[in-house]
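Student: Please find my_file.txt (compact mmCIF, C-alpha atoms and all ligand atoms) on the next line:
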# COMPACT_ATOMS: atom_id res chain seq x y z
CA MET A 128 -34.96 -10.06 -29.45
CA ASP A 129 -35.60 -9.96 -25.72
CA THR A 130 -33.50 -7.66 -23.59
CA PRO A 131 -31.15 -9.75 -21.47
CA ASP A 132 -32.25 -9.88 -17.86
CA HIS A 133 -29.21 -8.26 -16.32
CA PRO A 134 -29.22 -5.55 -13.64
CA LEU A 135 -26.94 -3.26 -15.65
CA THR A 136 -28.95 -3.43 -18.88
CA THR A 137 -31.53 -0.77 -18.10
CA THR A 138 -33.14 2.10 -19.95
CA GLU A 139 -33.76 4.03 -16.74
CA PRO A 140 -31.66 7.12 -16.00
CA VAL A 141 -28.24 6.53 -14.57
CA GLY A 142 -28.49 6.44 -10.82
CA ALA A 143 -32.12 5.39 -10.80
CA LYS A 144 -31.27 1.97 -9.51
CA ASP A 145 -29.34 1.03 -6.42
CA ASN A 146 -26.91 -0.87 -8.59
CA ILE A 147 -25.53 2.37 -10.06
CA CYS A 148 -24.11 4.73 -7.49
CA PRO A 149 -23.35 8.42 -7.83
CA ALA A 150 -19.68 9.32 -8.07
CA PRO A 151 -18.11 9.38 -4.62
CA ALA A 152 -16.51 12.45 -3.18
CA PRO A 153 -12.73 12.60 -3.68
CA VAL A 154 -10.70 10.63 -1.20
CA ALA A 155 -10.27 13.02 1.68
CA ALA A 156 -9.33 12.99 5.31
CA GLN A 157 -11.23 10.55 7.44
CA ASP A 158 -11.09 13.10 10.24
CA ASP A 159 -10.38 16.81 10.58
CA ARG A 160 -6.65 16.51 10.14
CA LYS A 161 -4.79 17.33 6.94
CA THR A 162 -3.54 14.35 4.97
CA ILE A 163 -0.01 13.32 4.09
CA PHE A 164 0.77 10.63 1.52
CA PHE A 165 4.17 8.96 1.91
CA ASP A 166 6.16 7.36 -0.87
CA MET A 167 8.24 4.41 0.33
CA ASP A 168 11.40 3.84 -1.74
CA ASP A 169 14.17 6.29 -0.85
CA VAL A 170 11.71 8.22 1.32
CA LEU A 171 10.70 5.85 4.15
CA VAL A 172 12.76 2.91 2.89
CA ASP A 173 16.47 2.93 2.01
CA TYR A 174 15.95 1.36 -1.40
CA THR A 175 19.34 2.46 -2.78
CA GLY A 176 21.03 0.86 0.21
CA GLY A 177 19.51 -2.42 -0.91
CA TYR A 178 22.24 -2.90 -3.48
CA ALA A 179 24.56 -3.69 -0.57
CA LEU A 180 22.17 -6.36 0.73
CA VAL A 181 22.09 -8.62 -2.31
CA SER A 182 24.74 -10.85 -3.80
CA PRO A 183 25.98 -10.39 -7.37
CA ALA A 184 24.31 -13.70 -8.24
CA GLU A 185 20.93 -12.51 -6.88
CA LEU A 186 21.18 -9.29 -8.83
CA GLU A 187 22.17 -11.07 -12.03
CA ALA A 188 19.30 -13.54 -11.67
CA ALA A 189 16.94 -10.55 -11.48
CA GLY A 190 18.29 -9.11 -14.70
CA GLY A 191 20.39 -6.56 -12.84
CA GLN A 192 17.23 -4.93 -11.46
CA LEU A 193 17.22 -4.64 -7.67
CA LYS A 194 13.46 -4.09 -7.71
CA ASN A 195 13.01 -7.54 -9.23
CA VAL A 196 15.00 -9.50 -6.63
CA PRO A 197 12.48 -11.77 -4.89
CA GLY A 198 11.85 -10.67 -1.31
CA ILE A 199 14.07 -7.59 -1.50
CA PHE A 200 11.41 -5.16 -0.31
CA ALA A 201 11.08 -7.01 3.00
CA ARG A 202 14.83 -6.78 3.62
CA LEU A 203 15.37 -3.05 3.15
CA CYS A 204 16.25 -0.72 6.03
CA PRO A 205 14.41 2.47 6.99
CA MET A 206 15.77 5.81 5.81
CA PRO A 207 17.54 7.76 8.58
CA GLY A 208 14.98 9.54 10.73
CA ALA A 209 11.98 8.21 8.80
CA LEU A 210 10.35 6.18 11.57
CA THR A 211 10.48 8.91 14.20
CA ALA A 212 9.36 11.50 11.63
CA VAL A 213 6.25 9.51 10.71
CA LYS A 214 5.36 9.02 14.37
CA ALA A 215 5.69 12.76 15.01
CA LEU A 216 3.65 13.68 11.93
CA ALA A 217 0.95 11.14 12.77
CA ARG A 218 0.10 13.10 15.89
CA GLN A 219 -1.12 16.00 13.73
CA TYR A 220 -1.80 14.54 10.28
CA GLU A 221 -3.73 11.65 8.78
CA CYS A 222 -1.05 9.48 7.18
CA HIS A 223 -1.29 7.29 4.07
CA ILE A 224 1.21 5.18 2.17
CA LEU A 225 1.30 5.96 -1.57
CA SER A 226 3.83 3.68 -3.22
CA THR A 227 4.37 1.80 -6.45
CA ALA A 228 5.32 -1.88 -6.44
CA PRO A 229 7.08 -3.38 -9.47
CA TRP A 230 4.73 -5.19 -11.81
CA GLU A 231 7.31 -7.88 -12.58
CA ASN A 232 7.91 -8.78 -8.92
CA PRO A 233 4.65 -9.94 -7.31
CA SER A 234 6.25 -10.58 -3.91
CA ALA A 235 7.10 -6.88 -3.72
CA TRP A 236 3.42 -6.06 -3.17
CA SER A 237 3.12 -8.14 -0.02
CA ASP A 238 6.69 -7.41 1.08
CA LYS A 239 5.91 -3.70 1.17
CA VAL A 240 2.89 -4.34 3.38
CA TYR A 241 4.94 -6.55 5.72
CA TRP A 242 7.65 -3.89 5.88
CA ILE A 243 5.07 -1.39 7.12
CA PHE A 244 3.69 -3.90 9.62
CA ARG A 245 7.20 -4.61 10.93
CA HIS A 246 8.13 -0.99 11.46
CA PHE A 247 4.78 0.60 12.35
CA GLY A 248 2.65 -2.32 13.52
CA SER A 249 -0.48 -3.71 11.92
CA ASP A 250 -3.11 -2.74 14.46
CA ARG A 251 -5.13 0.43 14.97
CA GLU A 252 -2.17 2.11 16.64
CA SER A 253 -0.29 2.08 13.34
CA PRO A 254 -0.19 5.49 11.60
CA PHE A 255 -0.97 3.60 8.38
CA TYR A 256 -3.73 1.33 9.69
CA LYS A 257 -5.80 0.40 6.60
CA ARG A 258 -4.25 3.32 4.70
CA ILE A 259 -1.78 1.52 2.40
CA ASN A 260 -2.13 2.39 -1.28
CA LEU A 261 0.00 0.59 -3.88
CA THR A 262 -0.59 2.05 -7.31
CA HIS A 263 0.98 2.90 -10.65
CA ASP A 264 -0.92 6.19 -10.83
CA LYS A 265 -0.42 8.49 -7.86
CA GLY A 266 -2.17 11.22 -9.81
CA THR A 267 -5.55 9.72 -9.01
CA PHE A 268 -5.13 10.49 -5.31
CA CYS A 269 -6.27 13.55 -3.44
CA GLY A 270 -4.66 14.89 -0.30
CA ASP A 271 -2.84 17.84 1.21
CA TYR A 272 0.78 16.68 0.89
CA LEU A 273 2.73 14.00 -0.97
CA ILE A 274 6.30 13.30 0.15
CA ASP A 275 8.05 11.63 -2.79
CA ASP A 276 11.58 11.65 -4.19
CA ARG A 277 10.59 11.29 -7.86
CA ASN A 278 8.02 12.66 -10.27
CA LYS A 279 7.19 9.18 -11.60
CA HIS A 280 3.84 7.43 -11.67
CA GLY A 281 1.61 10.48 -11.81
CA VAL A 282 3.18 12.39 -8.92
CA VAL A 283 2.86 15.71 -10.75
CA ARG A 284 -0.90 15.18 -11.05
CA PHE A 285 -1.36 14.60 -7.31
CA SER A 286 -3.94 17.11 -6.14
CA GLY A 287 -2.00 18.48 -3.18
CA LEU A 288 1.46 19.87 -2.55
CA TRP A 289 4.39 17.68 -3.58
CA LEU A 290 7.36 17.83 -1.20
CA LYS A 291 10.25 16.47 -3.26
CA PHE A 292 12.26 14.41 -0.81
CA GLY A 293 16.02 14.62 -1.40
CA SER A 294 15.75 18.02 -3.09
CA GLU A 295 17.59 21.12 -1.98
CA ARG A 296 14.46 22.29 -0.16
CA PHE A 297 13.72 18.92 1.50
CA PRO A 298 17.03 17.03 1.64
CA ASP A 299 16.11 14.87 4.63
CA TRP A 300 13.50 14.23 7.31
CA PRO A 301 14.51 17.10 9.64
CA ALA A 302 13.83 19.51 6.75
CA VAL A 303 10.41 17.95 6.12
CA LEU A 304 9.53 18.12 9.80
CA ALA A 305 10.58 21.77 10.01
CA PHE A 306 8.11 22.55 7.22
CA LEU A 307 5.18 20.40 8.35
CA LEU A 308 5.62 20.83 12.10
CA PRO A 309 6.89 24.38 12.49
CA LYS A 310 7.78 25.38 16.04
MG MG A 401 10.58 6.78 -4.25
Spit out the file's structure as structure tokens when you get a sec.
Tutor:
Amino acid sequence: MDTPDHPLTTTEPVGAKDNICPAPAPVAAQDDRKTIFFDMDDVLVDYTGGYALVSPAELEAAGGQLKNVPGIFARLCPMPGALTAVKALARQYECHILSTAPWENPSAWSDKVYWIFRHFGSDRESPFYKRINLTHDKGTFCGDYLIDDRNKHGVVRFSGLWLKFGSERFPDWPAVLAFLLPK
């Protein structure tokens, strides 16, 4: 039987053809600055406060799950101090979003992007310009710091230092800034 004429069916060593690339280096800073990955819900975004923004009927229609209310992620407010903290950190660090969007609520994926555009802009001046990562496995990412309030979705496998937002050590944004931008 003839070998199918397909570029990936080859007996040559892996990497011998241009169609098979060597493994890339881990995702790292695009410049000399250290990297910070930011979770969104209850870190940049007041997700818990969202319960006050929906009607009982909306919540019931979403099976009692706030995360599944259509459009909810575009309506949420920033956490106190989050916007000014990001802007201050962006002067010294390369900033990335690292957030999970609910699988059952497709609008959440775009709503999270629009939320970032609304509060930080969408152009090159945004601290998150083309650095928005929505994933269910944060453990596949590599950086210096991850600011996240929970250990879900692979947080404990993140390669850098996890600053647990809302913990005794990092209860709020002033505490995070004191650690990352010491005087
Ligand atoms: Mg969170």
Student: Interatomic distance between atom CA of Ala179 of chain A and atom CA of Ser234 of chain A?
Tutor: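 Computing the Euclidean distance for atom CA of Ala179 of chain A and atom CA of Ser234 of chain A yields 19.8 Å.
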Student: Could the residues that lie within 7 Å of ligand MG 401 (chain A), counting only C-alpha atoms and all ligand atoms, be listed as a PyMOL selection string?
Tutor: chain A and resi 166-170+275-277
Student: Considering all atoms listed in the file, return as a ChimeraX atom specification whatever protein or nucleic-acid residues lie within 10 Å of Asp158 of chain A, sequence-local ones (same chain, fewer than 4 positions apart) excluded.
Tutor: /A:162,220-221
Student: What is the distance, in Å and to one decimal place, between atom CA of Asn260 of chain A and atom CA of Arg202 of chain A?
Tutor: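 Answer for the atom CA of Asn260 of chain A to atom CA of Arg202 of chain A separation: 19.9 Å.
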Student: Looking at A:Gln192, A:Thr211, A:Ser226, A:Thr262, which one is nearest to Phe164 of chain A, with distances taken over all atoms listed in the file?
Tutor: A:Ser226
Student: Work out where the centre of an axis-aligned box around every listed atom of segment 157-168 of chain A lies and how long its edges are once 8 Å is added on each side; give both in Å to one decimal as AutoDock Vina command-line options.
Tutor:
--center_x 0.1 --center_y 10.6 --center_z 4.4 --size_x 38.6 --size_y 29.5 --size_z 28.3
Student: Mind checking which residues fall within 8 Å of Pro301 of chain A, counting only C-alpha atoms, ignoring those fewer than 3 positions away in the same chain, and posting them as a list in words?
Tutor: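 Final neighbour list, sorted by chain and number: Gly208, Ala212, Leu304 and Ala305 of chain A.
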Student: Just to confirm, what's the straight-line distance from atom CA of Phe255 of chain A to atom CA of His223 of chain A in Å (one decimal)?
Tutor: 5.7 Å
Student: Just the residues within 9 Å of segment 289-293 of chain A, please, counting all atoms listed in the file, with nothing from its chain fewer than 2 positions along; format it as a VMD selection string.
Tutor: chain A and resid 169 to 170 271 to 278 282 to 283 285 to 287 295 to 300 303
Student: Which residue out of A:Ala201, A:Leu308, A:Leu225, A:Ile243 has the minimum interatomic distance to Cys269 of chain A when all atoms listed in the file are used?
Tutor: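 Looking only at the distances to Cys269 of chain A, the closest residue turns out to be A:Leu225.
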Student: Tell me which residues come within 7 Å of (1.7, 5.5, 6.5), as a short mmCIF file (atom, residue, chain, number, x, y, z; two decimals) with C-alpha atoms, keeping the file's coordinate frame, counting all atoms listed in the file in the file's coordinates.
Tutor:
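Final output, saved to result-v3.cif:
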data_model
loop_
_atom_site.label_atom_id
_atom_site.label_comp_id
_atom_site.auth_asym_id
_atom_site.auth_seq_id
_atom_site.Cartn_x
_atom_site.Cartn_y
_atom_site.Cartn_z
CA PHE A 165 4.17 8.96 1.91
CA CYS A 222 -1.05 9.48 7.18
CA HIS A 223 -1.29 7.29 4.07
CA ILE A 224 1.21 5.18 2.17
CA PRO A 254 -0.19 5.49 11.60
CA PHE A 255 -0.97 3.60 8.38
CA ARG A 258 -4.25 3.32 4.70
CA ILE A 259 -1.78 1.52 2.40
#
Student: Find the residue from A:Lys257, A:Leu307, A:His263, A:Tyr241 that sits nearest to Lys161 of chain A; use all atoms listed in the file when measuring.
Tutor: A:Leu307
Student: Identify, on the basis of all atoms listed in the file, every residue whose closest approach to Ser182 of chain A does not exceed 12 Å; exclude the query and any residue fewer than 5 positions from it along the same chain; express the result as a compact mmCIF listing (two decimals) with C-alpha atoms, in the coordinates of the input.
Tutor:
# COMPACT_ATOMS: atom_id res chain seq x y z
CA GLY A 177 19.51 -2.42 -0.91
CA GLU A 187 22.17 -11.07 -12.03
CA ALA A 188 19.30 -13.54 -11.67
CA ALA A 189 16.94 -10.55 -11.48
CA GLY A 191 20.39 -6.56 -12.84
CA LEU A 193 17.22 -4.64 -7.67
CA VAL A 196 15.00 -9.50 -6.63
CA ILE A 199 14.07 -7.59 -1.50
Student: Do you know which residues are at most 7 Å from segment 235-239 of chain A counting all atoms listed in the file, after dropping those on the same chain fewer than 6 positions away, and could you put them as a PyMOL selection string?
Tutor: chain A and resi 198+200-201+228-229
Student: Of the residues A:Phe268, A:Phe247, A:Trp242, A:Trp230, which is the one nearest to Lys214 of chain A, using all atoms listed in the file?
Tutor: A:Phe247
Student: Reconstruct segment 272-287 of chain A at the level of N, CA and C atoms, and format the result as a short mmCIF file (atom, residue, chain, number, x, y, z; two decimals), in the coordinates of the input.
Tutor:
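Resulting contents of selection_17.cif:
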data_model
loop_
_atom_site.label_atom_id
_atom_site.label_comp_id
_atom_site.auth_asym_id
_atom_site.auth_seq_id
_atom_site.Cartn_x
_atom_site.Cartn_y
_atom_site.Cartn_z
N TYR A 272 -0.66 16.76 1.18
CA TYR A 272 0.78 16.68 0.89
C TYR A 272 1.14 15.29 0.39
N LEU A 273 2.11 15.25 -0.54
CA LEU A 273 2.73 14.00 -0.97
C LEU A 273 4.23 14.16 -0.81
N ILE A 274 4.85 13.28 -0.03
CA ILE A 274 6.30 13.30 0.15
C ILE A 274 6.87 12.20 -0.74
N ASP A 275 7.59 12.59 -1.78
CA ASP A 275 8.05 11.63 -2.79
C ASP A 275 9.37 12.14 -3.36
N ASP A 276 10.26 11.23 -3.67
CA ASP A 276 11.58 11.65 -4.19
C ASP A 276 11.60 11.76 -5.71
N ARG A 277 10.57 11.26 -6.39
CA ARG A 277 10.59 11.29 -7.86
C ARG A 277 9.24 11.80 -8.38
N ASN A 278 9.28 12.18 -9.66
CA ASN A 278 8.02 12.66 -10.27
C ASN A 278 7.34 11.56 -11.09
N LYS A 279 7.71 10.31 -10.82
CA LYS A 279 7.19 9.18 -11.60
C LYS A 279 5.78 8.81 -11.16
N HIS A 280 5.13 8.03 -12.00
CA HIS A 280 3.84 7.43 -11.67
C HIS A 280 2.79 8.46 -11.26
N GLY A 281 2.70 9.53 -12.02
CA GLY A 281 1.61 10.48 -11.81
C GLY A 281 1.78 11.44 -10.66
N VAL A 282 2.97 11.51 -10.08
CA VAL A 282 3.18 12.39 -8.92
C VAL A 282 2.79 13.83 -9.23
N VAL A 283 3.13 14.30 -10.43
CA VAL A 283 2.86 15.71 -10.75
C VAL A 283 1.36 16.00 -10.88
N ARG A 284 0.55 14.96 -10.98
CA ARG A 284 -0.90 15.18 -11.05
C ARG A 284 -1.58 15.00 -9.68
N PHE A 285 -0.80 14.69 -8.66
CA PHE A 285 -1.36 14.60 -7.31
C PHE A 285 -2.01 15.93 -6.96
N SER A 286 -3.15 15.89 -6.31
CA SER A 286 -3.94 17.11 -6.14
C SER A 286 -3.33 18.09 -5.14
N GLY A 287 -2.52 17.60 -4.22
CA GLY A 287 -2.00 18.48 -3.18
C GLY A 287 -0.60 18.96 -3.47
#
